[in-house]
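Since the structure comes first, as structure tokens, the remarks are kept for the end.
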Amino acid sequence: ILDDEPLILRSIKIKIERLNSNFKVIGTASDGVAGIELISELKPDVVFTDIRMPMMDGLEMSEKIHEIEPDTLIIILSGYKLFDYAQRAIQLNVEDYLVKPIDNKRLQMVLEKLTEKVEQKRKNNYDKIIADAVRGTFTEDGIKYWNKTAFAEERAVLLAIRICRGSYLGYRFHQEKMSLQDEAENNFEAVLKACCIENENFWVIKNGFENEAILVCYTSREREEFVFSFWNNVKEKLVGKRNITAVVSEPIRDIMLLKKALQELEQKLYHYAV
């Protein structure tokens with residue numbers, strides 16, 4: 001939050017955290033230059049900035065923010081209902097324009113809209129980071145983003161799962177295919193997603209075999225509790241159609257180890273099969 005009036009800044013901070021528990025204020029500044037430095041360091045999802053501040057006003061700062069952190073969402077604050085300011089803010093792609101004193105209902109609506117946008121942005125970023133991690137390709141920014149957001153929760157871990165339907169050796173080494181009846185009854189990937197939907201955040205990843213899938217789960221639950229819940233869903237939706245084999249990794253707290261964990265699970269599947 002950026003505002004040159006300490007009492008107003010404190011009031012806005014309290015309102016945001018009271019009205020929506022999804023938000024945590026991680027930094028404040030009283031001028032635009034200090035604000036830019038703080039944003040570069042903390043990389044927040046959302047910035048609330050007063051339109052009139054010393055050294056750099058809110059509109060100029062919004063331009064700077066989009067240059068250094070283009071994904072950051074910006075809310076302009078002003079004590080004036082000035083059309084020119086509002087019009088300029090729209091041109092700068094700011095998310096909204098709030099007039100002080102800020103109405104609680106109006107702020108709550110804005111926070112709800114921001115929550116949806118931040119969650120969608122995180123989902124898109126997580127999808128790319130997980131796909132890169134499975135391939136063993138990483139970017140420094142991706143790892144930093146994951147550690148700052150996903151692993152900010154102390155109990156949060158990744159669990160890697162390899163699951164196959166039918167004979168692992170059959171389809172791996174003898175090109176055994178599912179029958180037409182099996183294919184009509186189930187799309188393996190779709191059914192696995194249905195098994196996951198009521199649990200944590202899942203990624204179902206194809207690996208070139210129609211009988212097999214890789215799953216990556218982000219969870220704060222204990223491994224044993226998670227496995228019990230997931231396996232019950234799998235048995236309900238898949239067992240009876242064909243034999244099911246699944247192997248689950250130990251909890252992973254370093255996303256750079258995900259590919260290695262999946263390789264170890266593949267070896268376990270092979271050893272179970274032979």
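We label chains A, B, ... in the order they appear in the structure tokens, count residues from 1 in each chain, and number ligands from 1 in the order shown.
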Selection: 12 Å around Val227 in chain A, only C-alpha atoms, excl. self and same-chain fewer than 2 positions, as a list in words: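 The residues satisfying every condition are Leu159, Ala160, Ile161, Cys195, Cys196, Asn199, Glu200, Cys217, Thr219, Arg221, Glu222, Arg223, Glu224, Glu225, Ser229, Phe230, Trp231, Asn232, Asn233, Val234, Lys235, Ala246, Val247, Val248, Ser249, Glu250 and Pro251 of chain A.
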Show which residues sit within 7 Å of range 31-33 of chain A, as a list in words. Count only C-alpha atoms, and ignore same-chain residues fewer than 2 positions away.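 Close residues of range 31-33 of chain A: Leu2, Asp3, Asp4, Ala29, Gly35, Ile36, Glu37, Met53, Pro54, Met55, Met56, Asp57 and Met61 of chain A.
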Just the strand (DSSP E) stuff from range 29-82 of chain A, please, per backbone DSSP, written as a list of chain:residue names.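 Result set for range 29-82 of chain A (strand (DSSP E)): A:Val46, A:Val47, A:Phe48, A:Thr49, A:Asp50, A:Leu73, A:Ile74, A:Ile75, A:Ile76, A:Leu77, A:Ser78.
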Just checking: using only C-alpha atoms, which residue out of A:Pro44, A:Gly79, A:Gly27, A:Pro101 ends up closest to Tyr145 in chain A?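 For Tyr145 in chain A, the nearest of the given residues is A:Pro44.
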Near Ala131 in chain A, counting only C-alpha atoms, which residues have an atom at most 12 Å away, once you skip same-chain residues fewer than 2 positions from it, shown as a ChimeraX atom specification? /A:124-129,133-139,142,203-207,214-216,255-256,258-259
What is the CA of Ser21 in chain A to CA of Leu114 in chain A distance in Å?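 Interatomic distance, CA of Ser21 in chain A to CA of Leu114 in chain A: 12.5 Å.
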Could you list, as a ChimeraX atom specification, every residue within 12 Å of Lys117 in chain A, counting only C-alpha atoms and ignoring same-chain residues fewer than 6 positions away? /A:45-46,71-74,95,110-111,123-124
